[in-house]
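Text of the file coords_19.cif, holding mmCIF, C-alpha atoms:
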```cif
data_input
loop_
_atom_site.group_PDB
_atom_site.id
_atom_site.type_symbol
_atom_site.label_atom_id
_atom_site.label_comp_id
_atom_site.auth_asym_id
_atom_site.auth_seq_id
_atom_site.Cartn_x
_atom_site.Cartn_y
_atom_site.Cartn_z
ATOM 1 C CA MET A 1 -9.208 -2.371 23.609
ATOM 2 C CA ARG A 2 -5.507 -2.638 24.223
ATOM 3 C CA LEU A 3 -3.509 -5.791 23.670
ATOM 4 C CA ASN A 4 -2.078 -6.570 27.108
ATOM 5 C CA GLY A 5 1.291 -7.809 26.000
ATOM 6 C CA ARG A 6 4.547 -6.464 24.734
ATOM 7 C CA LEU A 7 5.441 -6.865 21.103
ATOM 8 C CA THR A 8 9.007 -6.621 19.876
ATOM 9 C CA ILE A 9 10.141 -6.522 16.290
ATOM 10 C CA ALA A 10 13.854 -7.259 15.915
ATOM 11 C CA ALA A 11 15.092 -6.762 12.368
ATOM 12 C CA VAL A 12 18.436 -6.902 10.608
ATOM 13 C CA GLY A 13 19.486 -3.615 9.033
ATOM 14 C CA LYS A 14 18.056 -0.148 8.802
ATOM 15 C CA ILE A 15 15.353 1.022 6.435
ATOM 16 C CA LYS A 16 17.061 3.461 4.097
ATOM 17 C CA SER A 17 14.424 4.794 1.744
ATOM 18 C CA ARG A 18 12.438 7.764 2.967
ATOM 19 C CA ALA A 19 9.162 6.378 1.658
ATOM 20 C CA TRP A 20 9.477 3.164 3.652
ATOM 21 C CA LEU A 21 10.678 5.020 6.739
ATOM 22 C CA ALA A 22 7.573 7.197 6.629
ATOM 23 C CA ALA A 23 5.363 4.108 6.289
ATOM 24 C CA GLN A 24 7.167 2.477 9.204
ATOM 25 C CA ASP A 25 6.767 5.531 11.448
ATOM 26 C CA ASP A 26 3.091 5.724 10.576
ATOM 27 C CA TYR A 27 2.366 2.105 11.523
ATOM 28 C CA VAL A 28 4.530 2.170 14.650
ATOM 29 C CA LYS A 29 2.577 5.202 15.847
ATOM 30 C CA ARG A 30 -0.771 3.545 15.086
ATOM 31 C CA LEU A 31 0.213 0.257 16.698
ATOM 32 C CA ARG A 32 1.268 1.972 19.909
ATOM 33 C CA ARG A 33 -2.338 3.079 20.413
ATOM 34 C CA TYR A 34 -3.179 -0.600 20.886
ATOM 35 C CA THR A 35 -0.153 -2.219 22.459
ATOM 36 C CA THR A 36 3.396 -1.780 23.682
ATOM 37 C CA LEU A 37 5.793 -2.084 20.777
ATOM 38 C CA ASP A 38 9.575 -2.098 20.633
ATOM 39 C CA LEU A 39 11.320 -1.891 17.302
ATOM 40 C CA ILE A 40 14.948 -2.977 17.409
ATOM 41 C CA GLU A 41 17.326 -2.788 14.462
ATOM 42 C CA VAL A 42 20.513 -4.815 14.615
ATOM 43 C CA LYS A 43 23.502 -4.197 12.365
ATOM 44 C CA ASP A 44 23.551 -5.942 9.000
ATOM 45 C CA VAL A 45 26.955 -7.427 8.319
ATOM 46 C CA VAL A 46 26.248 -9.507 5.209
ATOM 47 C CA GLY A 47 28.432 -8.540 2.286
ATOM 48 C CA ARG A 48 31.055 -6.768 4.413
ATOM 49 C CA ARG A 49 34.104 -8.777 3.416
ATOM 50 C CA ILE A 50 33.209 -11.726 5.583
ATOM 51 C CA PRO A 51 31.788 -15.052 4.410
ATOM 52 C CA ASP A 52 28.001 -15.198 4.243
ATOM 53 C CA ASP A 53 27.639 -17.898 6.888
ATOM 54 C CA VAL A 54 29.788 -15.948 9.352
ATOM 55 C CA ALA A 55 27.796 -12.805 8.648
ATOM 56 C CA MET A 56 24.494 -14.621 9.132
ATOM 57 C CA ALA A 57 25.742 -16.080 12.396
ATOM 58 C CA LYS A 58 26.746 -12.612 13.616
ATOM 59 C CA GLU A 59 23.393 -11.130 12.649
ATOM 60 C CA GLY A 60 21.647 -14.036 14.342
ATOM 61 C CA GLU A 61 23.586 -13.544 17.576
ATOM 62 C CA GLN A 62 22.529 -9.912 17.658
ATOM 63 C CA LEU A 63 18.876 -10.801 17.050
ATOM 64 C CA LEU A 64 18.909 -13.321 19.897
ATOM 65 C CA ARG A 65 20.733 -10.917 22.210
ATOM 66 C CA ALA A 66 18.126 -8.240 21.457
ATOM 67 C CA THR A 67 15.290 -10.535 22.505
ATOM 68 C CA SER A 68 15.405 -12.095 25.935
ATOM 69 C CA ASP A 69 14.647 -15.706 26.799
ATOM 70 C CA SER A 70 11.316 -14.644 28.184
ATOM 71 C CA HIS A 71 10.044 -13.852 24.688
ATOM 72 C CA ARG A 72 7.988 -16.101 22.524
ATOM 73 C CA LEU A 73 10.217 -15.973 19.430
ATOM 74 C CA ILE A 74 8.566 -15.912 16.013
ATOM 75 C CA ALA A 75 10.687 -15.924 12.858
ATOM 76 C CA LEU A 76 9.409 -14.548 9.557
ATOM 77 C CA THR A 77 10.430 -17.137 6.977
ATOM 78 C CA PRO A 78 9.290 -17.962 3.425
ATOM 79 C CA THR A 79 8.159 -21.420 4.555
ATOM 80 C CA GLY A 80 6.460 -20.385 7.798
ATOM 81 C CA LYS A 81 2.762 -20.687 8.543
ATOM 82 C CA MET A 82 0.542 -18.553 6.319
ATOM 83 C CA GLN A 83 -2.919 -17.463 7.342
ATOM 84 C CA THR A 84 -5.631 -14.924 6.678
ATOM 85 C CA SER A 85 -5.702 -11.613 8.554
ATOM 86 C CA PRO A 86 -8.625 -12.566 10.855
ATOM 87 C CA ASN A 87 -6.843 -15.814 11.760
ATOM 88 C CA LEU A 88 -3.570 -13.974 12.316
ATOM 89 C CA ALA A 89 -5.450 -11.697 14.727
ATOM 90 C CA LYS A 90 -6.775 -14.692 16.699
ATOM 91 C CA TRP A 91 -3.348 -16.304 16.605
ATOM 92 C CA LEU A 92 -1.776 -13.105 17.959
ATOM 93 C CA GLN A 93 -4.307 -12.823 20.762
ATOM 94 C CA LYS A 94 -3.602 -16.398 21.878
ATOM 95 C CA ARG A 95 0.146 -15.771 21.845
ATOM 96 C CA VAL A 96 -0.193 -12.568 23.860
ATOM 97 C CA GLU A 97 -2.498 -14.249 26.388
ATOM 98 C CA GLY A 98 -0.251 -17.277 26.664
ATOM 99 C CA TYR A 99 3.183 -15.671 26.664
ATOM 100 C CA GLY A 100 2.889 -11.933 27.278
ATOM 101 C CA ARG A 101 6.021 -11.009 25.393
ATOM 102 C CA ILE A 102 6.234 -11.816 21.732
ATOM 103 C CA ALA A 103 9.208 -11.059 19.513
ATOM 104 C CA PHE A 104 9.096 -11.159 15.729
ATOM 105 C CA LEU A 105 12.456 -11.674 14.048
ATOM 106 C CA ILE A 106 13.093 -10.397 10.525
ATOM 107 C CA GLY A 107 16.344 -11.547 8.932
ATOM 108 C CA GLY A 108 18.601 -9.900 6.396
ATOM 109 C CA PRO A 109 18.734 -10.721 2.661
ATOM 110 C CA LEU A 110 20.313 -14.124 3.327
ATOM 111 C CA GLY A 111 17.820 -15.160 5.951
ATOM 112 C CA PHE A 112 18.490 -16.728 9.340
ATOM 113 C CA SER A 113 21.319 -18.807 10.736
ATOM 114 C CA ASP A 114 20.455 -22.281 11.985
ATOM 115 C CA ASP A 115 20.951 -21.021 15.556
ATOM 116 C CA VAL A 116 18.180 -18.465 15.144
ATOM 117 C CA LEU A 117 15.824 -20.980 13.567
ATOM 118 C CA ALA A 118 16.525 -23.435 16.380
ATOM 119 C CA ALA A 119 15.854 -20.768 19.021
ATOM 120 C CA CYS A 120 12.549 -19.632 17.491
ATOM 121 C CA HIS A 121 9.360 -21.247 18.729
ATOM 122 C CA GLU A 122 7.387 -20.631 15.572
ATOM 123 C CA GLN A 123 7.802 -19.495 11.988
ATOM 124 C CA ILE A 124 5.240 -17.462 10.109
ATOM 125 C CA SER A 125 5.113 -16.272 6.516
ATOM 126 C CA LEU A 126 3.395 -13.258 4.986
ATOM 127 C CA SER A 127 3.222 -14.627 1.448
ATOM 128 C CA PRO A 128 4.790 -17.264 -0.801
ATOM 129 C CA LEU A 129 6.280 -14.310 -2.699
ATOM 130 C CA THR A 130 9.700 -12.915 -1.846
ATOM 131 C CA PHE A 131 9.647 -9.306 -0.704
ATOM 132 C CA THR A 132 12.396 -6.849 0.109
ATOM 133 C CA HIS A 133 13.241 -6.756 3.793
ATOM 134 C CA GLU A 134 11.880 -3.248 4.003
ATOM 135 C CA MET A 135 8.545 -4.418 2.645
ATOM 136 C CA ALA A 136 8.424 -7.451 4.905
ATOM 137 C CA ARG A 137 8.828 -5.160 7.903
ATOM 138 C CA ILE A 138 6.097 -2.768 6.774
ATOM 139 C CA LEU A 139 3.778 -5.661 5.923
ATOM 140 C CA LEU A 140 4.295 -7.162 9.362
ATOM 141 C CA LEU A 141 3.636 -3.806 11.051
ATOM 142 C CA GLU A 142 0.514 -3.317 8.976
ATOM 143 C CA GLN A 143 -0.767 -6.809 9.761
ATOM 144 C CA LEU A 144 -0.138 -6.369 13.484
ATOM 145 C CA TYR A 145 -2.008 -3.071 13.355
ATOM 146 C CA ARG A 146 -4.806 -4.718 11.368
ATOM 147 C CA ALA A 147 -4.914 -7.538 13.935
ATOM 148 C CA CYS A 148 -5.298 -5.010 16.769
ATOM 149 C CA THR A 149 -8.175 -3.272 15.015
ATOM 150 C CA ILE A 150 -9.830 -6.641 14.308
ATOM 151 C CA LEU A 151 -9.481 -7.674 17.965
ATOM 152 C CA ALA A 152 -10.840 -4.313 19.073
ATOM 153 C CA GLY A 153 -13.838 -4.854 16.796
ATOM 154 C CA GLU A 154 -13.047 -1.701 14.883
ATOM 155 C CA GLN A 155 -13.324 -1.030 11.216
ATOM 156 C CA TYR A 156 -10.010 -0.342 9.579
ATOM 157 C CA HIS A 157 -10.482 2.421 7.104
ATOM 158 C CA LYS A 158 -7.703 2.199 4.575
ATOM 159 C CA MET B 159 16.455 -8.087 -21.509
ATOM 160 C CA ARG B 160 13.183 -6.288 -22.065
ATOM 161 C CA LEU B 161 9.814 -7.907 -21.696
ATOM 162 C CA ASN B 162 8.246 -7.530 -25.152
ATOM 163 C CA GLY B 163 4.728 -6.870 -24.052
ATOM 164 C CA ARG B 164 2.666 -4.095 -22.637
ATOM 165 C CA LEU B 165 1.618 -4.208 -19.015
ATOM 166 C CA THR B 166 -1.279 -2.188 -17.679
ATOM 167 C CA ILE B 167 -2.259 -1.754 -14.068
ATOM 168 C CA ALA B 168 -5.798 -0.434 -13.659
ATOM 169 C CA ALA B 169 -6.638 0.387 -10.064
ATOM 170 C CA VAL B 170 -9.560 1.920 -8.221
ATOM 171 C CA GLY B 171 -8.722 5.121 -6.410
ATOM 172 C CA LYS B 172 -5.685 7.285 -5.977
ATOM 173 C CA ILE B 173 -2.825 6.673 -3.600
ATOM 174 C CA LYS B 174 -3.007 9.459 -1.059
ATOM 175 C CA SER B 175 -0.107 9.044 1.317
ATOM 176 C CA ARG B 176 3.169 10.575 0.251
ATOM 177 C CA ALA B 177 5.172 7.568 1.388
ATOM 178 C CA TRP B 178 3.243 5.151 -0.819
ATOM 179 C CA LEU B 179 3.268 7.581 -3.737
ATOM 180 C CA ALA B 180 7.058 7.753 -3.543
ATOM 181 C CA ALA B 181 7.280 3.954 -3.460
ATOM 182 C CA GLN B 182 4.930 3.735 -6.437
ATOM 183 C CA ASP B 183 6.940 6.248 -8.477
ATOM 184 C CA ASP B 184 10.132 4.392 -7.677
ATOM 185 C CA TYR B 185 8.844 1.025 -8.879
ATOM 186 C CA VAL B 186 7.105 2.460 -11.954
ATOM 187 C CA LYS B 187 10.390 4.065 -12.987
ATOM 188 C CA ARG B 188 12.313 0.832 -12.401
ATOM 189 C CA LEU B 189 9.768 -1.318 -14.236
ATOM 190 C CA ARG B 190 9.849 0.923 -17.294
ATOM 191 C CA ARG B 191 13.498 -0.018 -17.813
ATOM 192 C CA TYR B 192 12.258 -3.544 -18.554
ATOM 193 C CA THR B 193 8.859 -3.183 -20.166
ATOM 194 C CA THR B 194 6.107 -0.836 -21.279
ATOM 195 C CA LEU B 195 3.869 -0.016 -18.346
ATOM 196 C CA ASP B 196 0.665 1.977 -18.113
ATOM 197 C CA LEU B 197 -0.770 2.834 -14.736
ATOM 198 C CA ILE B 198 -4.424 3.865 -14.828
ATOM 199 C CA GLU B 199 -6.368 5.077 -11.814
ATOM 200 C CA VAL B 200 -10.139 5.070 -12.028
ATOM 201 C CA LYS B 201 -12.387 7.029 -9.680
ATOM 202 C CA ASP B 202 -13.423 5.348 -6.452
ATOM 203 C CA VAL B 203 -17.108 5.847 -5.785
ATOM 204 C CA VAL B 204 -17.637 3.493 -2.835
ATOM 205 C CA GLY B 205 -19.027 5.281 0.196
ATOM 206 C CA ARG B 206 -20.281 8.312 -1.736
ATOM 207 C CA ARG B 207 -23.928 8.137 -0.792
ATOM 208 C CA ILE B 208 -24.722 5.335 -3.204
ATOM 209 C CA PRO B 209 -25.323 1.698 -2.298
ATOM 210 C CA ASP B 210 -22.202 -0.449 -2.249
ATOM 211 C CA ASP B 211 -23.287 -2.726 -5.084
ATOM 212 C CA VAL B 212 -24.025 0.243 -7.332
ATOM 213 C CA ALA B 213 -20.666 1.779 -6.461
ATOM 214 C CA MET B 214 -18.821 -1.479 -7.154
ATOM 215 C CA ALA B 215 -20.604 -1.807 -10.487
ATOM 216 C CA LYS B 216 -19.588 1.743 -11.428
ATOM 217 C CA GLU B 217 -15.981 1.148 -10.446
ATOM 218 C CA GLY B 218 -16.017 -2.117 -12.384
ATOM 219 C CA GLU B 219 -17.345 -0.435 -15.531
ATOM 220 C CA GLN B 220 -14.529 2.071 -15.385
ATOM 221 C CA LEU B 221 -11.911 -0.664 -14.934
ATOM 222 C CA LEU B 222 -13.229 -2.562 -17.936
ATOM 223 C CA ARG B 223 -13.449 0.593 -20.031
ATOM 224 C CA ALA B 224 -9.834 1.420 -19.151
ATOM 225 C CA THR B 225 -8.630 -1.951 -20.437
ATOM 226 C CA SER B 226 -9.481 -2.966 -23.970
ATOM 227 C CA ASP B 227 -10.781 -6.360 -25.127
ATOM 228 C CA SER B 228 -7.345 -7.132 -26.495
ATOM 229 C CA HIS B 229 -5.916 -7.400 -22.978
ATOM 230 C CA ARG B 230 -5.415 -10.526 -21.010
ATOM 231 C CA LEU B 231 -7.290 -9.470 -17.873
ATOM 232 C CA ILE B 232 -5.933 -10.536 -14.499
ATOM 233 C CA ALA B 233 -7.788 -9.649 -11.314
ATOM 234 C CA LEU B 234 -6.033 -9.405 -7.947
ATOM 235 C CA THR B 235 -8.333 -11.222 -5.526
ATOM 236 C CA PRO B 236 -7.871 -12.793 -2.066
ATOM 237 C CA THR B 237 -8.744 -16.229 -3.489
ATOM 238 C CA GLY B 238 -6.673 -16.030 -6.682
ATOM 239 C CA LYS B 239 -3.709 -18.207 -7.536
ATOM 240 C CA MET B 240 -0.735 -17.746 -5.203
ATOM 241 C CA GLN B 241 2.784 -18.599 -6.235
ATOM 242 C CA THR B 242 6.432 -17.939 -5.430
ATOM 243 C CA SER B 243 8.287 -15.037 -7.070
ATOM 244 C CA PRO B 244 10.283 -17.254 -9.497
ATOM 245 C CA ASN B 245 7.071 -18.966 -10.585
ATOM 246 C CA LEU B 246 5.295 -15.638 -10.944
ATOM 247 C CA ALA B 247 8.134 -14.548 -13.245
ATOM 248 C CA LYS B 248 7.708 -17.625 -15.457
ATOM 249 C CA TRP B 249 3.941 -17.182 -15.398
ATOM 250 C CA LEU B 250 4.338 -13.540 -16.489
ATOM 251 C CA GLN B 251 6.681 -14.449 -19.317
ATOM 252 C CA LYS B 252 4.206 -17.005 -20.684
ATOM 253 C CA ARG B 253 1.361 -14.501 -20.511
ATOM 254 C CA VAL B 254 3.396 -11.830 -22.302
ATOM 255 C CA GLU B 255 4.502 -14.275 -24.993
ATOM 256 C CA GLY B 256 0.994 -15.624 -25.418
ATOM 257 C CA TYR B 257 -1.047 -12.453 -25.239
ATOM 258 C CA GLY B 258 1.204 -9.396 -25.581
ATOM 259 C CA ARG B 259 -0.997 -7.080 -23.574
ATOM 260 C CA ILE B 260 -1.671 -7.913 -19.967
ATOM 261 C CA ALA B 261 -3.832 -5.867 -17.629
ATOM 262 C CA PHE B 262 -3.862 -6.271 -13.865
ATOM 263 C CA LEU B 263 -6.994 -5.034 -12.154
ATOM 264 C CA ILE B 264 -6.922 -3.874 -8.530
ATOM 265 C CA GLY B 265 -10.307 -3.218 -6.964
ATOM 266 C CA GLY B 266 -11.389 -0.817 -4.256
ATOM 267 C CA PRO B 267 -12.004 -1.714 -0.596
ATOM 268 C CA LEU B 268 -15.141 -3.692 -1.468
ATOM 269 C CA GLY B 269 -13.539 -5.713 -4.219
ATOM 270 C CA PHE B 270 -14.880 -6.427 -7.682
ATOM 271 C CA SER B 271 -18.369 -6.574 -9.128
ATOM 272 C CA ASP B 272 -19.463 -9.876 -10.666
ATOM 273 C CA ASP B 273 -19.146 -8.290 -14.105
ATOM 274 C CA VAL B 274 -15.452 -7.641 -13.587
ATOM 275 C CA LEU B 275 -14.811 -11.127 -12.245
ATOM 276 C CA ALA B 276 -16.669 -12.626 -15.216
ATOM 277 C CA ALA B 277 -14.619 -10.527 -17.662
ATOM 278 C CA CYS B 278 -11.259 -11.447 -16.132
ATOM 279 C CA HIS B 279 -9.399 -14.414 -17.583
ATOM 280 C CA GLU B 280 -7.465 -15.168 -14.429
ATOM 281 C CA GLN B 281 -7.260 -14.268 -10.766
ATOM 282 C CA ILE B 282 -4.056 -14.036 -8.796
ATOM 283 C CA SER B 283 -3.373 -13.361 -5.136
ATOM 284 C CA LEU B 284 -0.339 -11.850 -3.429
ATOM 285 C CA SER B 285 -1.009 -13.346 -0.009
ATOM 286 C CA PRO B 286 -3.778 -14.882 2.074
ATOM 287 C CA LEU B 287 -3.517 -11.732 4.211
ATOM 288 C CA THR B 288 -5.642 -8.679 3.522
ATOM 289 C CA PHE B 289 -3.640 -5.582 2.651
ATOM 290 C CA THR B 290 -4.662 -2.003 2.062
ATOM 291 C CA HIS B 291 -5.251 -1.206 -1.590
ATOM 292 C CA GLU B 292 -2.236 1.036 -1.581
ATOM 293 C CA MET B 293 -0.041 -1.809 -0.381
ATOM 294 C CA ALA B 294 -1.524 -4.274 -2.850
ATOM 295 C CA ARG B 295 -0.578 -1.914 -5.637
ATOM 296 C CA ILE B 296 2.981 -1.425 -4.406
ATOM 297 C CA LEU B 297 3.394 -5.171 -3.828
ATOM 298 C CA LEU B 298 2.209 -5.913 -7.354
ATOM 299 C CA LEU B 299 4.589 -3.314 -8.803
ATOM 300 C CA GLU B 300 7.456 -4.710 -6.782
ATOM 301 C CA GLN B 301 6.697 -8.287 -7.825
ATOM 302 C CA LEU B 302 6.457 -7.310 -11.500
ATOM 303 C CA TYR B 303 9.802 -5.548 -11.184
ATOM 304 C CA ARG B 304 11.257 -8.548 -9.386
ATOM 305 C CA ALA B 305 9.885 -10.811 -12.148
ATOM 306 C CA CYS B 306 11.617 -8.673 -14.799
ATOM 307 C CA THR B 307 14.944 -8.873 -12.981
ATOM 308 C CA ILE B 308 14.527 -12.643 -12.566
ATOM 309 C CA LEU B 309 13.748 -13.072 -16.282
ATOM 310 C CA ALA B 310 16.727 -10.870 -17.171
ATOM 311 C CA GLY B 311 18.920 -13.099 -15.006
ATOM 312 C CA GLU B 312 19.898 -10.150 -12.848
ATOM 313 C CA GLN B 313 20.435 -9.991 -9.165
ATOM 314 C CA TYR B 314 17.945 -7.793 -7.428
ATOM 315 C CA HIS B 315 19.812 -5.808 -4.833
ATOM 316 C CA LYS B 316 17.307 -4.694 -2.250
#
```
If you took the structure in this file and wrote it as structure tokens, what would it be?
Amino acid sequence: MRLNGRLTIAAVGKIKSRAWLAAQDDYVKRLRRYTTLDLIEVKDVVGRRIPDDVAMAKEGEQLLRATSDSHRLIALTPTGKMQTSPNLAKWLQKRVEGYGRIAFLIGGPLGFSDDVLAACHEQISLSPLTFTHEMARILLLEQLYRACTILAGEQYHK
Amino acid sequence: MRLNGRLTIAAVGKIKSRAWLAAQDDYVKRLRRYTTLDLIEVKDVVGRRIPDDVAMAKEGEQLLRATSDSHRLIALTPTGKMQTSPNLAKWLQKRVEGYGRIAFLIGGPLGFSDDVLAACHEQISLSPLTFTHEMARILLLEQLYRACTILAGEQYHK
């Protein structure tokens, strides 16, 4: 069963380590068996000789430009809604049925500007723990893949 | 600042994918700058032509054999205590000061036998989401490393 929507992940910065890149490629490939997925990386500017709030604003502008108004915008934040994997799967199905295009936004190390948070329709969280941004991206990909297999009634062997 | 204890991670099964192995090696190396760490992999027997409960019992016996009675035993379970990274760091410090030797047990895909759960002094959880066992291991390693950097008052640049 395919998920009849279009998922976008828009993230700040590139994944640098080879291990995490390989994990990302693996899950992107798997996810595309179930749904249409776009992965967009915008430039990270934090720490580049500009004040943090200016950098966050610039990163936020890029994230919002990368995702059109027609998207349901979901921000990954530490205080967002947490749920189990089966509930995340149901939640995802409802979003896809209701909105068609869903975009997940992953911020840089400093998080999101107020503009991004105001533009997002929902916030979700993967854990109360803080992860690296690389890990957050892989975890999200893995959970989306897991959600697709749950919705397809398949057993996920890993 | 080093953590004056001895941490053990006892996990069911080997990590197979190269990407996750590289991530594991990276975090093990980093963690050993801060503390003594043993990583023990016991044989996974689930799915090998024996009933699940028998397999879980066998895996559990191996986990308990790999960790001596002198350890504070902590099981990673979906229903264990969840906390933020700074609180996990404080929690870890107290455990190390109080008990010296701490062992984290990570089960196989079916989880733990009742014997293991009865033997464990505490249960912790990384997220309400279900992860692969490979990911759970990497997440635990990363959080232990993060805890060490927090306790050392260092900034964790990743």
Long-range neighbours of B:Gly163 as an MDAnalysis selection string, 10 Å cut-off, all atoms listed in the file, 6 positions minimum in chain
chainID B and resid 192:195 251 253:260
Closest pair table for chain B residues within 6 Å of chain A, all atoms listed in the file, as a tab-separated table:
```
residue	atom	partner	partner_atom	distance
B:Ala177	CA	A:Ala19	CA	4.2
B:Ala180	CA	A:Ala19	CA	5.8
B:Ala181	CA	A:Ala19	CA	6.0
B:Gln241	CA	A:Pro128	CA	5.9
B:Thr242	CA	A:Leu129	CA	4.5
B:Ser243	CA	A:Leu129	CA	4.9
B:Ser285	CA	A:Ser127	CA	4.7
B:Pro286	CA	A:Thr84	CA	5.0
B:Leu287	CA	A:Thr84	CA	4.6
B:Thr288	CA	A:Ser85	CA	5.8
B:Thr290	CA	A:Lys158	CA	5.8
B:Lys316	CA	A:Thr132	CA	5.9
```
Find the distance between atom CA of B:Arg160 and atom CA of A:Gly108 and write it in Å to one decimal.
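Computing it gives 29.2 Å between the two atoms.
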At a cut-off of 12 Å, using all atoms listed in the file, what residues contact B:Gly205? Leave out same-chain residues fewer than 2 positions from it and give the result as a list in words.
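The neighbour list is His157 of chain A; Asp202, Val203, Arg207, Ile208, Pro209, Asp210, Asp211, Val212, Ala213, Met214, Glu217, Gly266, Pro267 and Leu268 of chain B.
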Applied to this file, what does the PyMOL selection byres ((chain A and resi 111-119) around 9) return in terms of residues, put as a short mmCIF file (atom, residue, chain, number, x, y, z; two decimals) with C-alpha atoms, in the coordinates of the input?
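Output contents, as saved in selection33.cif:
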```cif
data_model
loop_
_atom_site.label_atom_id
_atom_site.label_comp_id
_atom_site.auth_asym_id
_atom_site.auth_seq_id
_atom_site.Cartn_x
_atom_site.Cartn_y
_atom_site.Cartn_z
CA ASP A 53 27.64 -17.90 6.89
CA MET A 56 24.49 -14.62 9.13
CA ALA A 57 25.74 -16.08 12.40
CA LYS A 58 26.75 -12.61 13.62
CA GLU A 59 23.39 -11.13 12.65
CA GLY A 60 21.65 -14.04 14.34
CA GLU A 61 23.59 -13.54 17.58
CA LEU A 63 18.88 -10.80 17.05
CA LEU A 64 18.91 -13.32 19.90
CA LEU A 73 10.22 -15.97 19.43
CA ALA A 75 10.69 -15.92 12.86
CA THR A 77 10.43 -17.14 6.98
CA LEU A 105 12.46 -11.67 14.05
CA ILE A 106 13.09 -10.40 10.52
CA GLY A 107 16.34 -11.55 8.93
CA GLY A 108 18.60 -9.90 6.40
CA PRO A 109 18.73 -10.72 2.66
CA LEU A 110 20.31 -14.12 3.33
CA CYS A 120 12.55 -19.63 17.49
CA HIS A 121 9.36 -21.25 18.73
CA GLU A 122 7.39 -20.63 15.57
CA GLN A 123 7.80 -19.50 11.99
#
```
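The spacing separating atom CA of A:Ala103 from atom CA of A:Glu154 amounts to 24.6 Å.
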Would you mind reading off the distance between atom CA of B:Thr307 and atom CA of B:Arg190, one decimal, in Å?
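It comes out at 11.9 Å.
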Nearest to A:Leu151, chosen from A:Ile9, A:Val42, A:Leu92, A:Ile74, with only C-alpha atoms counted in the distances
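For A:Leu151, the nearest of the given residues is A:Leu92.
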Show which residues sit within 8 Å of A:Asp38, as a list in words. Count all atoms listed in the file, and ignore same-chain residues fewer than 5 positions away.
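My reading of the contact set: Arg6, Leu7, Thr8 and Ile9 of chain A.
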Output, as JSON, the centre and edge lengths in Å (one decimal) of the axis-aligned box that contains all listed atoms of stretch 49-64 of chain A with 3 Å of margin on each side.
```
{"center_x": 26.5, "center_y": -13.3, "center_z": 11.7, "size_x": 21.2, "size_y": 15.1, "size_z": 22.5}
```
Can you take the partial stretch 2-13 of chain A, add N, CA and C atoms, and return it as a PDB file, in the frame of the given file?
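Resulting contents of result-v3.pdb:
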```pdb
ATOM      1  N   ARG A   2      -6.944  -2.482  24.406  1.00  0.00           N
ATOM      2  CA  ARG A   2      -5.507  -2.638  24.223  1.00  0.00           C
ATOM      3  C   ARG A   2      -5.118  -4.103  24.307  1.00  0.00           C
ATOM      4  N   LEU A   3      -4.048  -4.444  23.625  1.00  0.00           N
ATOM      5  CA  LEU A   3      -3.509  -5.791  23.670  1.00  0.00           C
ATOM      6  C   LEU A   3      -2.530  -5.816  24.841  1.00  0.00           C
ATOM      7  N   ASN A   4      -2.866  -6.621  25.880  1.00  0.00           N
ATOM      8  CA  ASN A   4      -2.078  -6.570  27.108  1.00  0.00           C
ATOM      9  C   ASN A   4      -0.796  -7.382  27.053  1.00  0.00           C
ATOM     10  N   GLY A   5       0.021  -7.113  26.081  1.00  0.00           N
ATOM     11  CA  GLY A   5       1.291  -7.809  26.000  1.00  0.00           C
ATOM     12  C   GLY A   5       2.335  -6.816  25.540  1.00  0.00           C
ATOM     13  N   ARG A   6       3.492  -7.334  25.208  1.00  0.00           N
ATOM     14  CA  ARG A   6       4.547  -6.464  24.734  1.00  0.00           C
ATOM     15  C   ARG A   6       5.096  -7.081  23.461  1.00  0.00           C
ATOM     16  N   LEU A   7       4.948  -6.363  22.382  1.00  0.00           N
ATOM     17  CA  LEU A   7       5.441  -6.865  21.103  1.00  0.00           C
ATOM     18  C   LEU A   7       6.799  -6.264  20.799  1.00  0.00           C
ATOM     19  N   THR A   8       7.703  -7.096  20.313  1.00  0.00           N
ATOM     20  CA  THR A   8       9.007  -6.621  19.876  1.00  0.00           C
ATOM     21  C   THR A   8       9.206  -7.047  18.423  1.00  0.00           C
ATOM     22  N   ILE A   9       9.697  -6.136  17.630  1.00  0.00           N
ATOM     23  CA  ILE A   9      10.141  -6.522  16.290  1.00  0.00           C
ATOM     24  C   ILE A   9      11.643  -6.302  16.271  1.00  0.00           C
ATOM     25  N   ALA A  10      12.393  -7.375  16.015  1.00  0.00           N
ATOM     26  CA  ALA A  10      13.854  -7.259  15.915  1.00  0.00           C
ATOM     27  C   ALA A  10      14.234  -7.580  14.482  1.00  0.00           C
ATOM     28  N   ALA A  11      14.826  -6.610  13.795  1.00  0.00           N
ATOM     29  CA  ALA A  11      15.092  -6.762  12.368  1.00  0.00           C
ATOM     30  C   ALA A  11      16.552  -6.469  12.059  1.00  0.00           C
ATOM     31  N   VAL A  12      17.056  -7.130  11.041  1.00  0.00           N
ATOM     32  CA  VAL A  12      18.436  -6.902  10.608  1.00  0.00           C
ATOM     33  C   VAL A  12      18.467  -5.710   9.647  1.00  0.00           C
ATOM     34  N   GLY A  13      19.283  -4.733   9.952  1.00  0.00           N
ATOM     35  CA  GLY A  13      19.486  -3.615   9.033  1.00  0.00           C
ATOM     36  C   GLY A  13      18.515  -2.470   9.251  1.00  0.00           C
TER      37      GLY A  13
END
```
